[in-house]
>>> print(open('model_27.pdb').read())   # PDB, C-alpha atoms, pLDDT in the B column
MODEL        1
ATOM      1  CA  MET A   1     155.330  49.628 129.315  1.00 46.00           C
ATOM      2  CA  THR A   2     152.668  47.078 130.127  1.00 46.00           C
ATOM      3  CA  ARG A   3     150.306  45.450 127.696  1.00 51.00           C
ATOM      4  CA  THR A   4     146.757  46.547 127.124  1.00 53.00           C
ATOM      5  CA  PRO A   5     143.825  44.266 127.918  1.00 54.00           C
ATOM      6  CA  PRO A   6     141.961  42.986 124.833  1.00 61.00           C
ATOM      7  CA  GLY A   7     139.226  45.184 123.450  1.00 71.00           C
ATOM      8  CA  PRO A   8     138.973  48.406 121.515  1.00 83.00           C
ATOM      9  CA  LEU A   9     141.750  50.942 121.894  1.00 84.00           C
ATOM     10  CA  PRO A  10     140.983  54.168 123.705  1.00 88.00           C
ATOM     11  CA  PRO A  11     140.708  56.995 121.149  1.00 90.00           C
ATOM     12  CA  GLU A  12     143.843  58.752 122.404  1.00 91.00           C
ATOM     13  CA  ARG A  13     146.028  55.709 121.851  1.00 93.00           C
ATOM     14  CA  ALA A  14     144.359  54.803 118.540  1.00 93.00           C
ATOM     15  CA  ARG A  15     145.043  58.306 117.224  1.00 94.00           C
ATOM     16  CA  LEU A  16     148.685  58.215 118.317  1.00 95.00           C
ATOM     17  CA  ALA A  17     149.199  54.769 116.751  1.00 95.00           C
ATOM     18  CA  SER A  18     147.606  55.985 113.530  1.00 95.00           C
ATOM     19  CA  VAL A  19     149.845  59.053 113.303  1.00 95.00           C
ATOM     20  CA  LEU A  20     152.954  57.007 114.096  1.00 96.00           C
ATOM     21  CA  THR A  21     151.995  54.465 111.420  1.00 96.00           C
ATOM     22  CA  GLU A  22     151.608  57.293 108.877  1.00 96.00           C
ATOM     23  CA  LEU A  23     155.029  58.657 109.836  1.00 96.00           C
ATOM     24  CA  LYS A  24     156.616  55.226 109.483  1.00 96.00           C
ATOM     25  CA  ALA A  25     155.002  54.786 106.054  1.00 96.00           C
ATOM     26  CA  GLY A  26     156.353  58.199 105.056  1.00 94.00           C
ATOM     27  CA  THR A  27     159.883  57.095 105.863  1.00 95.00           C
ATOM     28  CA  GLY A  28     159.618  54.080 103.557  1.00 95.00           C
ATOM     29  CA  LEU A  29     161.347  51.971 106.201  1.00 95.00           C
ATOM     30  CA  SER A  30     160.375  48.424 107.150  1.00 95.00           C
ATOM     31  CA  LEU A  31     160.058  47.519 110.818  1.00 95.00           C
ATOM     32  CA  ALA A  32     163.519  45.917 110.702  1.00 96.00           C
ATOM     33  CA  ALA A  33     165.046  49.032 109.110  1.00 96.00           C
ATOM     34  CA  LEU A  34     163.234  51.258 111.618  1.00 96.00           C
ATOM     35  CA  ALA A  35     164.654  49.160 114.447  1.00 96.00           C
ATOM     36  CA  ALA A  36     168.135  49.420 112.947  1.00 96.00           C
ATOM     37  CA  LYS A  37     167.937  53.228 112.799  1.00 96.00           C
ATOM     38  CA  THR A  38     166.499  53.695 116.326  1.00 95.00           C
ATOM     39  CA  THR A  39     167.153  52.377 119.811  1.00 95.00           C
ATOM     40  CA  PHE A  40     163.957  50.280 119.766  1.00 96.00           C
ATOM     41  CA  SER A  41     163.504  46.708 118.528  1.00 96.00           C
ATOM     42  CA  LYS A  42     161.379  45.525 115.621  1.00 96.00           C
ATOM     43  CA  SER A  43     158.889  43.847 117.977  1.00 96.00           C
ATOM     44  CA  SER A  44     158.660  47.003 120.103  1.00 96.00           C
ATOM     45  CA  TRP A  45     157.884  49.090 117.019  1.00 96.00           C
ATOM     46  CA  GLU A  46     155.224  46.601 116.001  1.00 96.00           C
ATOM     47  CA  ARG A  47     153.511  46.959 119.407  1.00 96.00           C
ATOM     48  CA  TYR A  48     153.807  50.769 119.332  1.00 95.00           C
ATOM     49  CA  LEU A  49     152.374  51.074 115.835  1.00 95.00           C
ATOM     50  CA  ASN A  50     149.373  48.837 116.488  1.00 93.00           C
ATOM     51  CA  GLY A  51     148.602  50.537 119.820  1.00 92.00           C
ATOM     52  CA  ARG A  52     149.089  47.514 122.071  1.00 91.00           C
ATOM     53  CA  THR A  53     151.673  49.378 124.115  1.00 93.00           C
ATOM     54  CA  LEU A  54     152.332  53.044 124.588  1.00 94.00           C
ATOM     55  CA  PRO A  55     155.669  53.978 123.051  1.00 96.00           C
ATOM     56  CA  PRO A  56     158.190  55.824 125.172  1.00 96.00           C
ATOM     57  CA  ARG A  57     158.424  59.532 124.443  1.00 96.00           C
ATOM     58  CA  GLN A  58     161.895  58.982 123.002  1.00 97.00           C
ATOM     59  CA  ALA A  59     160.505  56.549 120.391  1.00 96.00           C
ATOM     60  CA  VAL A  60     158.043  59.192 119.198  1.00 96.00           C
ATOM     61  CA  GLN A  61     160.863  61.734 118.981  1.00 96.00           C
ATOM     62  CA  GLU A  62     163.098  59.344 117.020  1.00 96.00           C
ATOM     63  CA  LEU A  63     160.355  58.508 114.526  1.00 96.00           C
ATOM     64  CA  CYS A  64     159.600  62.206 114.009  1.00 96.00           C
ATOM     65  CA  ARG A  65     163.298  62.836 113.385  1.00 96.00           C
ATOM     66  CA  LEU A  66     163.496  60.034 110.802  1.00 95.00           C
ATOM     67  CA  ALA A  67     160.322  61.231 109.073  1.00 95.00           C
ATOM     68  CA  GLY A  68     161.471  64.859 109.043  1.00 95.00           C
ATOM     69  CA  GLU A  69     158.340  65.789 110.983  1.00 94.00           C
ATOM     70  CA  PRO A  70     158.300  68.476 113.696  1.00 94.00           C
ATOM     71  CA  GLU A  71     157.683  66.618 116.935  1.00 93.00           C
ATOM     72  CA  GLY A  72     155.266  69.066 118.597  1.00 94.00           C
ATOM     73  CA  ARG A  73     151.996  67.570 117.304  1.00 93.00           C
ATOM     74  CA  CYS A  74     153.102  63.978 117.865  1.00 94.00           C
ATOM     75  CA  LEU A  75     154.300  64.729 121.391  1.00 95.00           C
ATOM     76  CA  ALA A  76     150.982  66.415 122.172  1.00 95.00           C
ATOM     77  CA  LEU A  77     149.186  63.254 121.028  1.00 94.00           C
ATOM     78  CA  TRP A  78     151.636  61.197 123.085  1.00 95.00           C
ATOM     79  CA  GLU A  79     150.861  63.312 126.191  1.00 94.00           C
ATOM     80  CA  LEU A  80     147.127  62.664 125.768  1.00 93.00           C
ATOM     81  CA  ALA A  81     147.659  58.935 125.251  1.00 93.00           C
ATOM     82  CA  GLU A  82     150.072  58.742 128.182  1.00 92.00           C
ATOM     83  CA  SER A  83     147.644  60.465 130.542  1.00 91.00           C
ATOM     84  CA  GLU A  84     144.911  57.998 129.515  1.00 88.00           C
ATOM     85  CA  TRP A  85     147.341  55.069 129.824  1.00 87.00           C
ATOM     86  CA  SER A  86     148.522  56.087 133.276  1.00 85.00           C
ATOM     87  CA  GLY A  87     145.034  56.861 134.564  1.00 83.00           C
ATOM     88  CA  ARG A  88     145.774  60.566 135.080  1.00 80.00           C
ATOM     89  CA  ALA A  89     143.174  61.585 132.504  1.00 70.00           C
ATOM     90  CA  ALA A  90     139.856  62.749 133.864  1.00 66.00           C
ATOM     91  CA  PRO A  91     137.266  60.037 133.298  1.00 63.00           C
ATOM     92  CA  THR A  92     134.591  61.029 130.859  1.00 56.00           C
ATOM     93  CA  THR A  93     131.103  59.775 131.439  1.00 50.00           C
ATOM     94  CA  ARG A  94     127.764  60.523 129.919  1.00 46.00           C
ATOM     95  CA  THR A  95     126.626  62.151 133.147  1.00 46.00           C
ATOM     96  CA  GLN A  96     129.209  64.915 132.901  1.00 52.00           C
ATOM     97  CA  ARG A  97     127.883  68.139 131.490  1.00 51.00           C
ATOM     98  CA  PRO A  98     130.094  70.467 129.461  1.00 52.00           C
ATOM     99  CA  ALA A  99     131.180  73.619 131.203  1.00 56.00           C
ATOM    100  CA  PRO A 100     128.976  76.569 130.312  1.00 52.00           C
ATOM    101  CA  THR A 101     130.537  78.996 127.922  1.00 56.00           C
ATOM    102  CA  HIS A 102     129.979  82.709 127.780  1.00 54.00           C
ATOM    103  CA  THR A 103     129.973  84.433 124.433  1.00 51.00           C
ATOM    104  CA  PRO A 104     129.976  88.205 124.086  1.00 51.00           C
ATOM    105  CA  ALA A 105     127.064  88.001 121.634  1.00 53.00           C
ATOM    106  CA  GLN A 106     124.828  86.634 124.387  1.00 52.00           C
ATOM    107  CA  PRO A 107     124.906  88.965 127.380  1.00 51.00           C
ATOM    108  CA  HIS A 108     123.756  87.569 130.674  1.00 54.00           C
ATOM    109  CA  ALA A 109     120.281  88.544 131.749  1.00 54.00           C
ATOM    110  CA  PRO A 110     120.233  90.431 135.033  1.00 55.00           C
ATOM    111  CA  THR A 111     119.404  88.166 137.898  1.00 58.00           C
ATOM    112  CA  GLN A 112     116.861  89.092 140.474  1.00 62.00           C
ATOM    113  CA  THR A 113     117.321  87.952 143.995  1.00 60.00           C
ATOM    114  CA  PRO A 114     114.126  86.810 145.641  1.00 59.00           C
ATOM    115  CA  ALA A 115     112.907  88.816 148.606  1.00 62.00           C
ATOM    116  CA  PRO A 116     113.638  87.137 151.899  1.00 60.00           C
ATOM    117  CA  THR A 117     110.681  85.345 153.370  1.00 62.00           C
ATOM    118  CA  GLN A 118     109.610  85.936 156.905  1.00 64.00           C
ATOM    119  CA  THR A 119     109.430  82.831 159.028  1.00 60.00           C
ATOM    120  CA  PRO A 120     107.369  82.927 162.170  1.00 58.00           C
ATOM    121  CA  ALA A 121     109.232  82.796 165.437  1.00 58.00           C
ATOM    122  CA  PRO A 122     109.240  79.330 166.958  1.00 57.00           C
ATOM    123  CA  THR A 123     106.749  78.735 169.687  1.00 60.00           C
ATOM    124  CA  GLU A 124     108.256  77.590 172.910  1.00 57.00           C
ATOM    125  CA  THR A 125     106.749  74.429 174.342  1.00 57.00           C
ATOM    126  CA  PRO A 126     107.710  72.455 177.422  1.00 54.00           C
ATOM    127  CA  ALA A 127     109.557  69.959 175.161  1.00 53.00           C
ATOM    128  CA  THR A 128     111.586  72.638 173.349  1.00 49.00           C
ATOM    129  CA  ARG A 129     112.248  74.636 176.496  1.00 53.00           C
ATOM    130  CA  ASN A 130     114.409  71.849 177.929  1.00 52.00           C
ATOM    131  CA  ALA A 131     115.816  70.597 174.601  1.00 49.00           C
ATOM    132  CA  GLU A 132     119.545  70.774 174.124  1.00 49.00           C
ATOM    133  CA  VAL A 133     120.608  72.723 171.044  1.00 46.00           C
ATOM    134  CA  ARG A 134     123.312  70.905 169.058  1.00 47.00           C
ATOM    135  CA  PRO A 135     125.153  72.272 166.078  1.00 46.00           C
ATOM    136  CA  ALA A 136     124.723  70.404 162.816  1.00 47.00           C
ATOM    137  CA  THR A 137     127.607  68.003 162.292  1.00 49.00           C
ATOM    138  CA  GLY A 138     126.981  67.082 158.677  1.00 49.00           C
ATOM    139  CA  GLY A 139     126.547  63.400 158.132  1.00 48.00           C
ATOM    140  CA  ARG A 140     124.623  61.683 155.387  1.00 46.00           C
ATOM    141  CA  GLY A 141     121.943  64.391 155.138  1.00 50.00           C
ATOM    142  CA  ALA A 142     124.566  67.077 154.565  1.00 46.00           C
ATOM    143  CA  VAL A 143     126.325  64.967 151.953  1.00 44.00           C
ATOM    144  CA  MET A 144     123.048  64.319 150.150  1.00 44.00           C
ATOM    145  CA  ALA A 145     122.228  68.038 150.218  1.00 45.00           C
ATOM    146  CA  ILE A 146     125.621  68.882 148.744  1.00 47.00           C
ATOM    147  CA  LEU A 147     125.286  66.243 146.033  1.00 47.00           C
ATOM    148  CA  ALA A 148     121.780  67.417 145.214  1.00 50.00           C
ATOM    149  CA  SER A 149     122.994  70.978 144.748  1.00 52.00           C
ATOM    150  CA  VAL A 150     125.642  69.956 142.192  1.00 50.00           C
TER     151      VAL A 150
ENDMDL
END
>>> encode(input="model_27.pdb", output="structure tokens")
Amino acid sequence: MTRTPPGPLPPERARLASVLTELKAGTGLSLAALAAKTTFSKSSWERYLNGRTLPPRQAVQELCRLAGEPEGRCLALWELAESEWSGRAAPTTRTQRPAPTHTPAQPHAPTQTPAPTQTPAPTETPATRNAEVRPATGGRGAVMAILASV
């Protein structure tokens, strides 16, 4: 895996590194002993445990086995960290709004549809009589209208 640029760790990777560090401490093994009992080197374990690199899935499984820990929770954390690492995770920004939730205790109020408004028929003028009618093709105005409706 590649190295991480300097700066704070993303929360997914920090959490995984923290859990892996706790598991390693629970085994009572040093980094050298951990390396001797797994297929990963001492320096690799050091990078995995401090979050500089994302460990391979197999490393997480081996550490869980040594610690006597079921691997489900750790692998779930690994999946989250891996999706962030690879860029597959959905970016979170402050502009995103949480999805609305519906709870049975709060029934929806009935919605009323507004009555259609009557628009006057267009008046034909010499300019409109000879004008060519073109279908709307979208363009910037359509894109802006779509973005405004979101």
>>> resolve_selection(input="model_27.pdb", expression="the PyMOL selection byres ((chain A and resi 65) around 12)", output="ChimeraX atom specification")
/A:20,23-24,26-27,34,37-38,58-64,66-72,74
>>> resolve_selection(input="model_27.pdb", expression="the PyMOL selection byres ((chain A and resi 47) around 12)", output="list in words")
Met1, Thr2, Arg3, Thr4, Arg13, Ala17, Leu20, Thr21, Leu31, Phe40, Ser41, Lys42, Ser43, Ser44, Trp45, Glu46, Tyr48, Leu49, Asn50, Gly51, Arg52, Thr53, Leu54, Pro55, Pro56 and Ala59 of chain A
>>> atom_distance(input="model_27.pdb", atom1="atom CA of A:Leu29", atom2="atom CA of A:Glu82")
25.6 Å
>>> atom_distance(input="model_27.pdb", atom1="atom CA of A:Leu16", atom2="atom CA of A:Leu77")
5.7 Å
>>> atom_distance(input="model_27.pdb", atom1="atom CA of A:Leu80", atom2="atom CA of A:Ser30")
26.9 Å
>>> residues_around(input="model_27.pdb", residues="A:Ala14", least_positions_apart="4", cutoff="9 Å", atoms="only C-alpha atoms", output="list in words")
Pro8, Leu9, Pro10, Ser18, Val19, Asn50, Gly51 and Ala81 of chain A
